[in-house]
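J.: Please read through the structure below; I'll follow up with questions.
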Amino acid sequence: MKKLILLSLIGLGIVSCTTQKNTRKMTELPKDWKYTTNIYEVNIRQYTKEGTFKAFAKEMPRLKAMGIKTLWLMPVTPIAQQNKKGSLGSPYAAADYTSVNPEFGTLEDFKDMVNEAHRLGFKIIIDWVANHTGWDHVWTQAHPEFYLKDPDGKFHIASGMDDIIELDYKNQEMRLEMIKAMKFWVQETDIDGFRCDLASWVEVDFWEQARPEVEKVKPLFWLGEFDELESPEYGKVFDASYSWKWMHKSADYYKKNEPLQELKDLLIQYSNIGDQSMRAWFTSNHDENSWNGTEYEKYGVITKPMAVFSATWNGVPLVYSGQELPNMKRLEFFEKDVIQWTNTYQVADFYKILLDLKASNPALRGSDANVITYFLNTTANDKILAYIRKNGKDEVLVVLNMSKEPVHFTIEDDHLSGTFKNVFDKTKRDFSNGKDFIFKISDYAVFEK
């Protein structure tokens, strides 16, 4: 049965698309929590002065209170020392797939942290770097045939990253060892899934081979670092993927004053993918923060409206370590550079409201074909992004000032009617009595019916 999703173009026209039928068996899917979850990326190295699992575990009750549901840990494996960058190296240059970075603690420390996270109600996913390893990974000695080689017989360096070397996925034995290593973490530590680094750099048929085999242990959540608009075949394997095109386009929109309609058109392209998979929406992550700048550098006065969007559009919201402060600096990638925590988490309540709403309101379920999303027509379509999401009797209205100036506007759309409650200030508003708004710079509003 096909589900019609409606999105109005320029607030006036209607475009329709159909979702693909989900052909995976329910036994192969993670449990229902994936539809309502959010993801918090944990940079263990920079999270605390100690930089250990034990030290981070003390922060978990705070994150639970903030509404975080799933914790994604950047790579926990040991870091290769040969050709490493900086004094500490990249966590994405593994020296061994089945042991723990001693900087972070022991395997038992990791297990204790996972157990405590589960006790608190979190799900845990770990970063998995399948495309490449560091130069002195244990396989380089035990199984050099696992690697791609240059014509001179030397290990093949990954594109633009001379601290890592690429694996050969034509080697079937290597594939089996990789799958065995992934199963190790599920069997030994009871993690709940993987965030797969550079997933589209690895042949899709590996993931098709790996997922059902690893999930013989338990159903898992799979987040892939790829954009499904560019790599649609990978979306058939992963539960969620990145929204790279959106991230780049939205940054260009703000910095280059591009038309808002181009963002709406891109969202329609993402919606056309259907509901078999989800997109992860974010304003920052470890790569963006370190190499391209904080969310405030990229989005300026629309930083908070962009965060509201990430938590309320169809998919899964992703928050990076320190955004709840907010963290206003770029964190070093290859050196120790601890987040400068204070006792005042100024943005934590903002995120809590959004993440709790995402978790509780059926209209915000990700990858649910029962949810219909409409763009709303306004008298300021070039400055205001307004949309309503509906699932039966449940509705969520989102209105965002995406401009660099105050805007006085009216929503002119029959899809909006009735009484809603503002989730931030708890006031009620009957939109049958008028749909006028007076927004300051950076303003946003979220209502639920």
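Each chain in the structure tokens gets a letter, A, B, ..., in the order shown, and its residues are numbered from 1; ligands are numbered from 1 in order too.
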Compile the contact shell of Ile44 (chain A) as a PyMOL selection string: residues with an atom at most 10 Å away, counting only C-alpha atoms, same-chain residues fewer than 3 positions apart removed.

T.: chain A and resi 41+47-53+55-56+73-76+103-104+321+338

J.: Could you save the residues just selected, with all heavy atoms, as a short mmCIF file (atom, residue, chain, number, x, y, z; two decimals), in the first residue's frame?

T.:
data_model
loop_
_atom_site.label_atom_id
_atom_site.label_comp_id
_atom_site.auth_asym_id
_atom_site.auth_seq_id
_atom_site.Cartn_x
_atom_site.Cartn_y
_atom_site.Cartn_z
N GLU A 41 26.43 12.73 19.58
CA GLU A 41 27.78 12.27 19.25
C GLU A 41 28.74 12.60 20.39
O GLU A 41 28.89 13.76 20.78
CB GLU A 41 28.28 12.90 17.96
CG GLU A 41 29.66 12.40 17.59
CD GLU A 41 30.26 13.10 16.38
OE1 GLU A 41 29.62 14.02 15.84
OE2 GLU A 41 31.38 12.72 15.97
N TYR A 47 35.89 15.21 25.73
CA TYR A 47 34.72 15.43 26.57
C TYR A 47 35.09 15.81 28.00
O TYR A 47 34.42 16.62 28.64
CB TYR A 47 33.83 14.18 26.58
CG TYR A 47 32.37 14.53 26.72
CD1 TYR A 47 31.58 14.75 25.59
CD2 TYR A 47 31.77 14.67 27.97
CE1 TYR A 47 30.25 15.10 25.69
CE2 TYR A 47 30.43 15.02 28.09
CZ TYR A 47 29.68 15.23 26.94
OH TYR A 47 28.36 15.60 27.05
N THR A 48 36.15 15.22 28.52
CA THR A 48 36.57 15.48 29.90
C THR A 48 38.08 15.64 29.96
O THR A 48 38.79 15.25 29.02
CB THR A 48 36.17 14.32 30.84
OG1 THR A 48 36.85 13.13 30.41
CG2 THR A 48 34.67 14.09 30.83
N LYS A 49 38.56 16.16 31.06
CA LYS A 49 40.01 16.30 31.26
C LYS A 49 40.68 14.93 31.21
O LYS A 49 41.74 14.77 30.63
CB LYS A 49 40.29 16.98 32.60
CG LYS A 49 41.76 17.16 32.92
CD LYS A 49 41.95 17.83 34.27
CE LYS A 49 43.44 17.97 34.60
NZ LYS A 49 43.63 18.61 35.93
N GLU A 50 39.99 13.94 31.81
CA GLU A 50 40.54 12.59 31.84
C GLU A 50 40.47 11.92 30.46
O GLU A 50 41.33 11.12 30.11
CB GLU A 50 39.79 11.71 32.85
CG GLU A 50 39.85 12.23 34.28
CD GLU A 50 38.73 13.23 34.59
OE1 GLU A 50 38.08 13.72 33.64
OE2 GLU A 50 38.52 13.50 35.78
N GLY A 51 39.41 12.22 29.71
CA GLY A 51 39.23 11.62 28.40
C GLY A 51 39.01 10.13 28.44
O GLY A 51 39.50 9.40 27.57
N THR A 52 38.24 9.66 29.42
CA THR A 52 38.04 8.23 29.61
C THR A 52 36.56 7.87 29.60
O THR A 52 35.69 8.73 29.76
CB THR A 52 38.65 7.76 30.94
OG1 THR A 52 37.97 8.43 32.02
CG2 THR A 52 40.14 8.08 31.00
N PHE A 53 36.29 6.56 29.45
CA PHE A 53 34.92 6.08 29.54
C PHE A 53 34.34 6.35 30.91
O PHE A 53 33.18 6.75 31.04
CB PHE A 53 34.86 4.58 29.25
CG PHE A 53 35.36 4.17 27.90
CD1 PHE A 53 36.31 3.17 27.76
CD2 PHE A 53 34.87 4.78 26.75
CE1 PHE A 53 36.76 2.78 26.51
CE2 PHE A 53 35.32 4.41 25.49
CZ PHE A 53 36.28 3.40 25.38
N ALA A 55 35.08 8.69 33.05
CA ALA A 55 34.79 10.11 33.25
C ALA A 55 33.54 10.51 32.48
O ALA A 55 32.69 11.26 32.99
CB ALA A 55 35.98 10.96 32.81
N PHE A 56 33.38 10.00 31.26
CA PHE A 56 32.17 10.34 30.50
C PHE A 56 30.93 9.77 31.16
O PHE A 56 29.86 10.40 31.14
CB PHE A 56 32.27 9.83 29.06
CG PHE A 56 30.97 9.95 28.33
CD1 PHE A 56 30.47 11.20 27.97
CD2 PHE A 56 30.19 8.83 28.05
CE1 PHE A 56 29.25 11.34 27.33
CE2 PHE A 56 28.97 8.95 27.42
CZ PHE A 56 28.50 10.21 27.06
N LEU A 73 29.38 6.97 20.06
CA LEU A 73 30.76 7.19 20.45
C LEU A 73 31.66 7.16 19.23
O LEU A 73 31.62 6.21 18.44
CB LEU A 73 31.22 6.12 21.45
CG LEU A 73 30.91 6.39 22.92
CD1 LEU A 73 29.42 6.28 23.18
CD2 LEU A 73 31.67 5.42 23.82
N MET A 74 32.46 8.21 19.08
CA MET A 74 33.49 8.19 18.05
C MET A 74 34.39 6.98 18.29
O MET A 74 34.32 6.36 19.34
CB MET A 74 34.28 9.51 18.10
CG MET A 74 33.48 10.71 17.58
SD MET A 74 34.30 12.30 17.87
CE MET A 74 35.77 12.14 16.84
N PRO A 75 35.22 6.58 17.33
CA PRO A 75 35.93 5.30 17.42
C PRO A 75 36.59 5.05 18.78
O PRO A 75 37.27 5.93 19.32
CB PRO A 75 36.97 5.40 16.31
CG PRO A 75 36.32 6.26 15.28
CD PRO A 75 35.55 7.29 16.07
N VAL A 76 36.38 3.85 19.28
CA VAL A 76 36.92 3.48 20.59
C VAL A 76 38.12 2.55 20.46
O VAL A 76 38.68 2.11 21.46
CB VAL A 76 35.83 2.80 21.45
CG1 VAL A 76 34.67 3.75 21.69
CG2 VAL A 76 35.34 1.49 20.83
N GLU A 103 43.93 5.04 25.93
CA GLU A 103 43.70 6.39 26.46
C GLU A 103 42.33 6.48 27.14
O GLU A 103 42.14 7.27 28.07
CB GLU A 103 43.77 7.43 25.35
CG GLU A 103 45.09 7.53 24.62
CD GLU A 103 44.97 8.42 23.39
OE1 GLU A 103 44.18 9.40 23.43
OE2 GLU A 103 45.65 8.15 22.39
N PHE A 104 41.38 5.71 26.63
CA PHE A 104 40.01 5.78 27.11
C PHE A 104 39.74 4.85 28.29
O PHE A 104 38.73 5.01 28.98
CB PHE A 104 39.03 5.42 25.99
CG PHE A 104 39.08 6.33 24.79
CD1 PHE A 104 38.54 5.91 23.58
CD2 PHE A 104 39.66 7.59 24.84
CE1 PHE A 104 38.57 6.73 22.45
CE2 PHE A 104 39.71 8.41 23.73
CZ PHE A 104 39.16 7.97 22.53
N SER A 321 28.78 16.84 20.82
CA SER A 321 29.30 17.17 22.14
C SER A 321 29.51 18.67 22.31
O SER A 321 30.20 19.31 21.51
CB SER A 321 30.64 16.46 22.36
OG SER A 321 30.53 15.07 22.27
N VAL A 338 40.13 19.95 25.42
CA VAL A 338 38.92 19.65 26.18
C VAL A 338 37.85 20.73 26.00
O VAL A 338 38.15 21.93 25.98
CB VAL A 338 39.25 19.50 27.68
CG1 VAL A 338 38.00 19.13 28.48
CG2 VAL A 338 40.32 18.45 27.88
#

J.: From a backbone DSSP assignment, name each residue in region 125-368 of chain A labelled strand (DSSP E), as number ranges by chain.

T.: A: 125-128, 132-134, 157-158, 161-166, 193-196, 221-227, 240-242, 278-281, 316-320

J.: With C-alpha atoms retained, could you export that selection as an mmCIF file, in the first residue's frame?

T.:
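Written file, result_14.cif:
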data_model
loop_
_atom_site.group_PDB
_atom_site.id
_atom_site.type_symbol
_atom_site.label_atom_id
_atom_site.label_comp_id
_atom_site.auth_asym_id
_atom_site.auth_seq_id
_atom_site.Cartn_x
_atom_site.Cartn_y
_atom_site.Cartn_z
ATOM 1 C CA ILE A 125 26.171 2.940 18.857
ATOM 2 C CA ILE A 126 29.865 3.024 18.025
ATOM 3 C CA ASP A 127 31.758 4.482 15.097
ATOM 4 C CA TRP A 128 32.907 1.775 12.688
ATOM 5 C CA HIS A 132 40.635 1.843 5.945
ATOM 6 C CA THR A 133 43.001 1.329 8.870
ATOM 7 C CA GLY A 134 46.126 2.967 10.198
ATOM 8 C CA ILE A 157 46.890 5.625 0.841
ATOM 9 C CA ALA A 158 43.295 6.789 1.263
ATOM 10 C CA MET A 161 44.532 11.264 4.101
ATOM 11 C CA ASP A 162 48.096 9.986 4.326
ATOM 12 C CA ASP A 163 47.714 8.518 7.820
ATOM 13 C CA ILE A 164 45.396 5.745 6.612
ATOM 14 C CA ILE A 165 45.511 2.909 4.073
ATOM 15 C CA GLU A 166 42.596 1.316 2.266
ATOM 16 C CA GLY A 193 24.322 -0.355 16.474
ATOM 17 C CA PHE A 194 26.962 1.288 14.343
ATOM 18 C CA ARG A 195 27.673 4.655 12.798
ATOM 19 C CA CYS A 196 29.562 3.610 9.683
ATOM 20 C CA PHE A 221 20.555 0.534 14.339
ATOM 21 C CA TRP A 222 22.744 1.422 11.341
ATOM 22 C CA LEU A 223 23.662 5.044 10.603
ATOM 23 C CA GLY A 224 25.721 5.482 7.439
ATOM 24 C CA GLU A 225 27.923 8.410 6.524
ATOM 25 C CA PHE A 226 26.615 8.982 2.996
ATOM 26 C CA ASP A 227 23.913 11.074 1.377
ATOM 27 C CA ALA A 240 19.557 6.405 8.490
ATOM 28 C CA SER A 241 22.065 8.397 6.473
ATOM 29 C CA TYR A 242 23.611 11.836 6.426
ATOM 30 C CA MET A 278 15.749 8.247 7.483
ATOM 31 C CA ARG A 279 18.013 11.234 7.176
ATOM 32 C CA ALA A 280 20.107 12.526 10.082
ATOM 33 C CA TRP A 281 19.802 16.306 10.443
ATOM 34 C CA VAL A 316 16.567 11.720 13.252
ATOM 35 C CA PRO A 317 18.193 14.754 14.949
ATOM 36 C CA LEU A 318 21.902 14.620 15.714
ATOM 37 C CA VAL A 319 23.597 16.751 18.392
ATOM 38 C CA TYR A 320 27.371 17.034 18.878
#

J.: I want to know what sits within 12 Å of Thr106 (chain A), based on only C-alpha atoms, with residues of the same chain fewer than 3 positions away left out; could you give that as a PyMOL selection string?

T.: chain A and resi 52-54+76-78+98-103+109-113

J.: Separation of CA of Asn83 (chain A) and CA of His137 (chain A), in Å?

T.: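 Between CA of Asn83 (chain A) and CA of His137 (chain A) the gap is 11.7 Å.
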
J.: Point out the residue among A:Gly89, A:Gly293, A:Leu357, A:Gly366 with the least atom-to-atom distance to Asn327 (chain A), counting only C-alpha atoms.

T.: A:Gly293

J.: Return the single residue from A:Trp291, A:Phe375, A:Tyr299, A:Phe437 that is closest to Asp265 (chain A), with distances computed using only C-alpha atoms.

T.: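 Closest candidate: A:Phe375.
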
J.: Extract the full set of alpha helix (DSSP H) residues from region 71-240 of chain A according to DSSP on the backbone, and format it as number ranges by chain.

T.: A: 107-120, 138-142, 172-189, 204-214

J.: Given only C-alpha atoms, how would the per-residue table for region 304-332 of chain A near region 247-256 of chain A read, listing every residue at most 12 Å away with its closest atom pair and distance in Å to one decimal, sorted by chain and number, as JSON lines?

T.:
{"residue": "A:Pro305", "atom": "CA", "partner": "A:Ser250", "partner_atom": "CA", "distance": 11.6}
{"residue": "A:Met306", "atom": "CA", "partner": "A:Ser250", "partner_atom": "CA", "distance": 8.8}
{"residue": "A:Ala307", "atom": "CA", "partner": "A:Met247", "partner_atom": "CA", "distance": 11.7}
{"residue": "A:Phe309", "atom": "CA", "partner": "A:Ser250", "partner_atom": "CA", "distance": 11.4}
{"residue": "A:Ser310", "atom": "CA", "partner": "A:Met247", "partner_atom": "CA", "distance": 10.5}

J.: Which neighbours of Asn38 (chain A) fall inside 10 Å, counting only C-alpha atoms, when residues of the same chain fewer than 2 positions from it are skipped, and could you give them as a PyMOL selection string?

T.: chain A and resi 33-36+40+67-71+123+280-281+311+315-319+355-356+358-359

J.: Which residues, written as an MDAnalysis selection string, have at least one atom at most 12 Å from Tyr387 (chain A), with only C-alpha atoms counted and residues fewer than 5 positions away on the same chain left out?

T.: chainID A and resid 6:11 264 267 308:309 312:314 363:364 372:378 381 395:400 411:413 415:416 444:447
